[in-house]
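Novice: File name data30.txt; file contents compact mmCIF, C-alpha atoms (C1' of nucleotides); full text below.
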```txt
# COMPACT_ATOMS: atom_id res chain seq x y z
CA MET A 449 5.35 6.48 8.66
CA ALA A 450 4.27 5.15 5.33
CA ARG A 451 1.99 2.38 4.32
CA ALA A 452 2.91 -0.99 5.78
CA ALA A 453 5.15 -3.12 3.59
CA THR A 454 3.44 -5.57 1.29
CA THR A 455 5.48 -8.25 2.98
CA THR A 456 4.06 -7.41 6.37
CA ASP A 457 1.34 -10.04 6.26
CA ALA A 458 -1.09 -11.87 4.02
CA PHE A 459 -3.54 -8.97 4.11
CA ASN A 460 -1.04 -6.61 2.56
CA ALA A 461 0.39 -9.14 0.15
CA VAL A 462 -3.01 -10.06 -1.19
CA ALA A 463 -4.16 -6.48 -1.65
CA GLU A 464 -2.39 -6.51 -5.00
CA PRO A 465 -4.64 -8.00 -7.70
CA ARG A 466 -1.79 -9.56 -9.67
CA ARG A 467 -0.71 -11.46 -6.64
CA ARG A 468 -4.22 -12.76 -6.20
CA GLU A 469 -4.18 -13.88 -9.80
CA ILE A 470 -0.94 -15.69 -9.22
CA LEU A 471 -2.44 -17.51 -6.29
CA ASP A 472 -5.48 -18.37 -8.37
CA VAL A 473 -3.30 -20.02 -10.96
CA LEU A 474 -1.21 -21.81 -8.39
CA ALA A 475 -4.39 -23.16 -6.85
CA ALA A 476 -4.57 -25.38 -9.93
CA GLY A 477 -1.11 -26.73 -9.30
CA GLU A 478 2.59 -26.10 -9.33
CA ARG A 479 3.90 -23.65 -11.93
CA SER A 480 7.25 -22.40 -13.08
CA VAL A 481 7.87 -18.68 -13.36
CA GLY A 482 7.69 -19.00 -17.10
CA ASP A 483 4.33 -20.73 -16.89
CA LEU A 484 2.97 -17.88 -14.83
CA VAL A 485 4.40 -15.31 -17.21
CA ALA A 486 2.61 -17.04 -20.06
CA GLU A 487 -0.68 -17.60 -18.27
CA LEU A 488 -0.92 -14.14 -16.79
CA GLY A 489 0.62 -12.11 -19.58
CA LEU A 490 2.86 -10.21 -17.19
CA ALA A 491 6.53 -9.39 -17.55
CA GLN A 492 8.90 -11.92 -16.07
CA PRO A 493 10.60 -9.57 -13.58
CA GLN A 494 7.25 -8.48 -12.19
CA VAL A 495 6.17 -12.07 -11.74
CA SER A 496 9.39 -12.85 -9.91
CA LYS A 497 8.93 -9.84 -7.67
CA HIS A 498 5.37 -10.75 -6.82
CA LEU A 499 6.41 -14.29 -6.11
CA LYS A 500 9.06 -12.97 -3.80
CA VAL A 501 6.48 -11.06 -1.81
CA LEU A 502 4.16 -14.05 -1.69
CA HIS A 503 7.03 -16.24 -0.58
CA GLU A 504 8.07 -13.87 2.18
CA VAL A 505 4.64 -13.94 3.73
CA GLY A 506 4.47 -17.69 3.33
CA LEU A 507 1.73 -17.87 0.74
CA VAL A 508 3.80 -19.87 -1.73
CA ALA A 509 6.63 -22.36 -1.58
CA VAL A 510 9.37 -23.02 -4.10
CA ARG A 511 11.06 -26.12 -5.39
CA GLU A 512 14.09 -26.17 -7.65
CA ASP A 513 13.91 -28.12 -10.86
CA GLY A 514 17.01 -27.65 -12.93
CA ARG A 515 17.10 -24.12 -14.15
CA ARG A 516 13.47 -23.65 -13.35
CA ARG A 517 11.77 -22.88 -10.08
CA LEU A 518 8.44 -24.43 -9.42
CA TYR A 519 6.15 -22.47 -7.18
CA ARG A 520 3.16 -23.88 -5.43
CA LEU A 521 0.42 -22.50 -3.27
CA ASN A 522 0.48 -22.59 0.48
CA GLY A 523 -3.18 -21.89 1.06
CA GLY A 524 -2.86 -22.05 4.81
CA GLY A 525 -1.36 -18.61 4.72
CA LEU A 526 -4.76 -17.26 3.83
CA LYS A 527 -6.45 -18.64 6.91
CA PRO A 528 -5.88 -15.49 8.99
CA ILE A 529 -7.77 -13.50 6.39
CA HIS A 530 -10.51 -16.07 6.22
CA ASP A 531 -10.86 -16.13 9.96
CA TRP A 532 -11.04 -12.40 10.26
CA VAL A 533 -13.56 -11.96 7.50
CA ALA A 534 -15.65 -14.85 8.72
CA ARG A 535 -16.60 -12.88 11.80
CA PHE A 536 -18.64 -10.63 9.58
CA GLU A 537 -20.47 -13.34 7.69
CA ARG A 538 -23.79 -12.71 9.37
CA HIS A 539 -23.73 -9.21 7.97
CA TRP A 540 -24.45 -10.41 4.49
CA GLU A 541 -25.86 -13.87 4.89
CA ASP A 542 -29.14 -12.92 6.50
CA ARG A 543 -31.73 -10.32 5.71
CA PHE A 544 -30.07 -7.64 7.82
CA GLY A 545 -27.67 -7.09 5.01
CA VAL A 546 -30.48 -6.28 2.68
CA LEU A 547 -32.10 -3.99 5.19
CA ASP A 548 -28.83 -2.19 5.78
CA ALA A 549 -28.40 -1.68 2.08
CA VAL A 550 -31.84 -0.16 1.82
CA LEU A 551 -31.26 2.22 4.71
CA GLU A 552 -28.02 3.08 3.00
CA GLN A 553 -29.77 4.34 -0.08
CA MET A 554 -32.26 6.36 1.95
CA GLU A 555 -29.63 8.20 3.96
CA GLU A 556 -27.09 8.96 1.31
CA PRO A 557 -29.09 9.86 -1.76
CA GLU A 558 -26.50 11.68 -3.89
CA MET B 1122 2.93 3.23 -11.22
CA ALA B 1123 2.74 3.03 -7.49
CA ARG B 1124 0.81 0.84 -5.15
CA ALA B 1125 -2.93 0.89 -5.70
CA ALA B 1126 -4.83 3.42 -3.63
CA THR B 1127 -6.23 2.20 -0.34
CA THR B 1128 -9.61 3.32 -1.62
CA THR B 1129 -9.40 1.04 -4.61
CA ASP B 1130 -11.31 -1.80 -3.03
CA ALA B 1131 -12.00 -3.63 0.20
CA PHE B 1132 -8.79 -5.65 -0.12
CA ASN B 1133 -6.65 -2.54 -0.04
CA ALA B 1134 -8.73 -0.76 2.56
CA VAL B 1135 -8.59 -3.68 4.94
CA ALA B 1136 -4.87 -4.22 4.60
CA GLU B 1137 -4.36 -1.54 7.22
CA PRO B 1138 -4.66 -3.03 10.74
CA ARG B 1139 -6.18 0.08 12.27
CA ARG B 1140 -8.99 -0.03 9.79
CA ARG B 1141 -9.64 -3.63 10.66
CA GLU B 1142 -9.80 -2.64 14.30
CA ILE B 1143 -12.31 0.04 13.49
CA LEU B 1144 -14.47 -2.48 11.70
CA ASP B 1145 -14.16 -4.82 14.65
CA VAL B 1146 -15.50 -2.17 16.97
CA LEU B 1147 -18.26 -1.17 14.60
CA ALA B 1148 -19.30 -4.80 14.40
CA ALA B 1149 -20.57 -4.33 17.93
CA GLY B 1150 -22.70 -1.40 16.86
CA GLU B 1151 -22.83 2.20 15.77
CA ARG B 1152 -20.11 4.49 17.09
CA SER B 1153 -19.30 8.18 16.92
CA VAL B 1154 -15.83 9.28 15.89
CA GLY B 1155 -15.15 10.19 19.49
CA ASP B 1156 -16.18 6.76 20.68
CA LEU B 1157 -13.72 5.18 18.29
CA VAL B 1158 -10.97 7.55 19.33
CA ALA B 1159 -11.54 6.53 22.93
CA GLU B 1160 -11.89 2.80 22.29
CA LEU B 1161 -8.92 2.53 19.96
CA GLY B 1162 -6.59 5.05 21.51
CA LEU B 1163 -5.84 6.69 18.19
CA ALA B 1164 -5.69 10.37 17.35
CA GLN B 1165 -8.94 11.88 16.12
CA PRO B 1166 -7.67 12.99 12.70
CA GLN B 1167 -6.33 9.52 11.97
CA VAL B 1168 -9.65 7.96 12.88
CA SER B 1169 -11.46 10.36 10.61
CA LYS B 1170 -9.10 9.60 7.77
CA HIS B 1171 -9.47 5.88 8.17
CA LEU B 1172 -13.22 6.24 8.32
CA LYS B 1173 -13.07 8.19 5.12
CA VAL B 1174 -11.26 5.37 3.38
CA LEU B 1175 -13.66 2.80 4.75
CA HIS B 1176 -16.58 4.92 3.64
CA GLU B 1177 -15.22 5.35 0.15
CA VAL B 1178 -15.02 1.63 -0.38
CA GLY B 1179 -18.44 1.16 1.15
CA LEU B 1180 -17.41 -0.68 4.28
CA VAL B 1181 -19.09 1.78 6.62
CA ALA B 1182 -22.05 4.13 6.50
CA VAL B 1183 -22.60 7.41 8.31
CA ARG B 1184 -25.54 9.02 9.97
CA GLU B 1185 -25.63 12.55 11.30
CA ASP B 1186 -26.64 13.09 14.89
CA GLY B 1187 -26.27 16.71 15.86
CA ARG B 1188 -22.65 17.61 15.93
CA ARG B 1189 -21.67 13.99 15.95
CA ARG B 1190 -21.43 11.48 13.15
CA LEU B 1191 -22.41 7.96 13.85
CA TYR B 1192 -20.65 5.35 11.78
CA ARG B 1193 -21.83 1.84 11.38
CA LEU B 1194 -20.55 -1.25 9.69
CA ASN B 1195 -21.57 -2.34 6.24
CA GLY B 1196 -20.34 -5.89 6.44
CA GLY B 1197 -21.50 -6.72 2.95
CA GLY B 1198 -18.51 -4.88 1.63
CA LEU B 1199 -16.35 -7.68 2.91
CA LYS B 1200 -18.09 -10.35 0.93
CA PRO B 1201 -15.76 -10.08 -2.07
CA ILE B 1202 -12.85 -10.86 0.20
CA HIS B 1203 -14.70 -13.70 1.83
CA ASP B 1204 -15.65 -15.17 -1.51
CA TRP B 1205 -12.13 -14.99 -2.86
CA VAL B 1206 -10.53 -16.50 0.19
CA ALA B 1207 -13.18 -19.18 0.46
CA ARG B 1208 -11.89 -20.78 -2.72
CA PHE B 1209 -8.81 -21.79 -0.83
CA GLU B 1210 -10.53 -23.27 2.19
CA ARG B 1211 -9.71 -26.82 1.29
CA HIS B 1212 -6.06 -25.95 1.52
CA TRP B 1213 -6.18 -25.74 5.28
CA GLU B 1214 -9.30 -27.58 6.26
CA ASP B 1215 -8.21 -31.06 5.30
CA ARG B 1216 -5.06 -33.04 5.73
CA PHE B 1217 -3.45 -31.70 2.59
CA GLY B 1218 -2.57 -28.62 4.53
CA VAL B 1219 -0.66 -30.65 7.03
CA LEU B 1220 1.09 -32.60 4.32
CA ASP B 1221 2.03 -29.43 2.53
CA ALA B 1222 3.48 -28.03 5.70
CA VAL B 1223 5.60 -31.10 6.20
CA LEU B 1224 6.92 -31.03 2.67
CA GLU B 1225 7.66 -27.39 3.29
CA GLN B 1226 10.01 -28.14 6.13
CA MET B 1227 11.81 -30.82 4.16
CA GLU B 1228 12.52 -28.66 1.17
CA GLU B 1229 13.51 -25.39 2.78
CA PRO B 1230 15.59 -26.37 5.78
CA GLU B 1231 17.42 -23.10 6.53
C1' DT C 424 33.96 -24.08 -22.22
C1' DT C 425 30.44 -21.58 -24.14
C1' DG C 426 26.16 -19.87 -25.29
C1' DA C 427 21.26 -20.12 -24.60
C1' DC C 428 17.91 -20.40 -21.32
C1' DG C 429 15.12 -19.45 -16.82
C1' DT C 430 14.88 -16.59 -13.09
C1' DA C 431 16.30 -13.03 -9.83
C1' DT C 432 18.11 -8.47 -8.92
C1' DT C 433 19.06 -3.67 -9.57
C1' DC C 434 17.87 1.10 -11.00
C1' DC C 435 14.80 4.71 -11.97
C1' DC C 436 10.46 7.10 -11.09
C1' DA C 437 5.69 8.77 -10.11
C1' DT C 438 2.66 8.10 -6.62
C1' DA C 439 0.07 7.80 -2.25
C1' DT C 440 0.52 6.35 2.25
C1' DG C 441 -0.18 7.11 7.48
C1' DG C 442 1.28 9.66 11.29
C1' DG C 443 1.73 14.32 13.48
C1' DT C 444 0.16 18.89 14.10
C1' DA C 445 -2.58 22.81 13.06
C1' DT C 446 -6.63 24.53 11.50
C1' DA C 447 -11.16 24.73 9.05
C1' DT C 448 -16.06 23.55 9.25
C1' DG C 449 -20.23 22.70 11.38
C1' DT C 450 -23.38 22.30 15.51
C1' DT C 451 -25.19 23.26 19.88
C1' DG C 452 -26.27 25.68 24.22
C1' DG C 453 -26.75 30.06 26.49
C1' DC D 165 -24.17 35.95 18.40
C1' DC D 166 -20.48 33.47 20.77
C1' DA D 167 -17.80 29.86 22.90
C1' DA D 168 -17.20 25.05 23.57
C1' DC D 169 -17.50 20.93 21.28
C1' DA D 170 -17.25 17.15 17.39
C1' DT D 171 -15.36 16.10 13.23
C1' DA D 172 -13.05 16.89 8.87
C1' DT D 173 -9.09 18.91 6.08
C1' DA D 174 -4.76 20.61 4.94
C1' DC D 175 0.22 20.29 5.30
C1' DC D 176 4.61 18.18 5.87
C1' DC D 177 7.51 14.10 5.60
C1' DA D 178 9.77 9.47 5.36
C1' DT D 179 8.86 5.47 3.08
C1' DA D 180 7.94 1.66 -0.18
C1' DT D 181 5.40 0.62 -3.98
C1' DG D 182 4.86 -1.58 -8.84
C1' DG D 183 6.06 -1.08 -13.46
C1' DG D 184 9.74 -0.80 -17.08
C1' DA D 185 14.26 -1.82 -18.68
C1' DA D 186 18.75 -3.61 -18.18
C1' DT D 187 21.56 -6.86 -16.27
C1' DA D 188 23.38 -10.39 -13.03
C1' DC D 189 23.23 -15.25 -11.77
C1' DG D 190 22.84 -20.18 -12.15
C1' DT D 191 22.18 -24.29 -14.98
C1' DC D 192 21.94 -27.03 -18.88
C1' DA D 193 23.23 -28.78 -23.64
C1' DA D 194 26.63 -29.48 -27.11
```
Show me this structure written as structure tokens.

Specialist:
Amino acid sequence: MARAATTTDAFNAVAEPRRREILDVLAAGERSVGDLVAELGLAQPQVSKHLKVLHEVGLVAVREDGRRRLYRLNGGGLKPIHDWVARFERHWEDRFGVLDAVLEQMEEPE
Amino acid sequence: MARAATTTDAFNAVAEPRRREILDVLAAGERSVGDLVAELGLAQPQVSKHLKVLHEVGLVAVREDGRRRLYRLNGGGLKPIHDWVARFERHWEDRFGVLDAVLEQMEEPE
DNA sequence: TTGACGTATTCCCATATGGGTATATGTTGG
DNA sequence: CCAACATATACCCATATGGGAATACGTCAA
């Protein structure tokens, strides 16, 4: 087997930095593909491909507007990630995190 | 170029479900490779490989104990993910999320 | 109708994945 | 020193990636 498809779930989709950037921009509001191309400095086909992935996992939604397509964020799709990560919050919010880090240094000195 | 290496950062490392499971188990405390093999029902080499990835991105730490190696969680490594996702919290915590979902249904009926 | 525009799709390719299986490395007890 | 044990590595393979470039598709303006 190979690595899971990027369209498998939000975790895989969001592993790609460009896709995170796209979501960051969309967080500010609806954008057309062209807008994203301009704001992110990426090639148009790549933007379209990334949007396709994001759409397949339900992280963005589209709306037609003449010849343009306006994409917008569907933040709810990130909740699974948030929920999973949240379980580990205590590991960095209290002092244990600091202690762990220190022990880290002591045990793996290279 | 191909997909970014799984060892690139926490986002990529955690995209693999098995690795998330490993972290879940480690959240309960230190475990030897054998323990993980038993608890997760995976093959030993696979567990070792996944642990290697997790270690490279700093999500786990090791400690030698005779012939065994005890791995433990380094939750702090997940903070970047938490921080990034947290920016989108409002998108599902308030009513906008619900509204968005409704609009969703109306616009993409198929 | 036609051409320009906005976006999506198709190819090509180097790359690394994750599983399986076999084996290397390292440690301990006797 | 050796055998059993615990873990790590090395291979092999099918698979999909993400970028680049070219092109198809759909829509608008004149």

Novice: Contacts of DT171 of chain D at 9 Å or less, counting all atoms listed in the file, minus same-chain residues fewer than 4 places along, as a ChimeraX atom specification?

Specialist: /B:1154-1155,1165-1166,1169,1188-1190 /C:448-449

Novice: All C-alpha atoms, paired in order, least-squares superposition of chain A on chain B: what RMSD does that give?

Specialist: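 Here the C-alpha RMSD works out to 0.1 Å.
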
Novice: Would you compute the distance between atom CA of Asp1130 of chain B and atom CA of Glu487 of chain A? Give it in Å to one decimal.

Specialist: 24.4 Å

Novice: Could you check which of D:DC175, D:DC165, D:DT187, D:DA180 is closest to DT438 of chain C, using only C-alpha atoms (C1' of nucleotides)?

Specialist: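 Closest to DT438 of chain C of all the choices is D:DA180.
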
Novice: Measuring between all atoms listed in the file, which one of A:Leu490, A:Leu502, A:Leu471, A:Val495 shows the shortest distance to chain C?

Specialist: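 Closest to chain C, using all atoms listed in the file: A:Val495.
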
Novice: Could you work out how far atom CA of Leu484 of chain A lies from atom C1' of DG190 of chain D, giving the answer in Å with one decimal?

Specialist: 20.2 Å

Novice: When the cut-off is 6 Å and we count all atoms listed in the file, which residues of chain A are near chain B, given as a list in words?

Specialist: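 Residues satisfying the distance criterion: Phe459, Asn460, Ala463, Gly523, Gly524, Phe536, His539 and Trp540 of chain A.
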
Novice: What lies within 12 Å of DC176 of chain D using all atoms listed in the file, ignoring chain neighbours under 4 positions off, as a list in words?

Specialist: DG442, DG443, DT444 and DA445 of chain C

Novice: Residues of chain D within 8 Å of chain B, counting all atoms listed in the file, what are they? List them as a CSV table (one decimal) with C-alpha atoms (C1' of nucleotides), keeping the file's coordinate frame.

Specialist:
```
chain,number,residue,atom,x,y,z
D,170,DA,C1',-17.2,17.2,17.4
D,171,DT,C1',-15.4,16.1,13.2
D,172,DA,C1',-13.0,16.9,8.9
D,181,DT,C1',5.4,0.6,-4.0
D,182,DG,C1',4.9,-1.6,-8.8
D,183,DG,C1',6.1,-1.1,-13.5
```

Novice: At a cut-off of 6 Å, list the chain C residues touching chain A, using all atoms listed in the file, as a list in words.

Specialist: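 Filtering chain C at 6 Å from chain A with all atoms listed in the file gives DG429, DT440, DG441 and DG442 of chain C.
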
Novice: Which value, in Å to one decimal, gives the distance between atom C1' of DC436 of chain C and atom CA of Arg466 of chain A?

Specialist: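 One can read the atom C1' of DC436 of chain C to atom CA of Arg466 of chain A distance as 20.7 Å.
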
Novice: What's the 8 Å shell around Leu1161 of chain B, counting only C-alpha atoms (C1' of nucleotides), without same-chain residues fewer than 3 positions away, as a PyMOL selection string?

Specialist: chain B and resi 1142-1143+1157-1158

Novice: Do you know which residues are at most 10 Å from DG452 of chain C counting all atoms listed in the file, after dropping those on the same chain fewer than 2 positions away, and could you put them as number ranges by chain?

Specialist: C: 450; D: 167-168

Novice: Compare D:DC192, D:DC166, D:DA174, D:DA186 by their minimum atom-to-atom distance to DC435 of chain C, counting all atoms listed in the file, and give me the closest one.

Specialist: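 Of the candidates, the smallest distance to DC435 of chain C is held by D:DA186.
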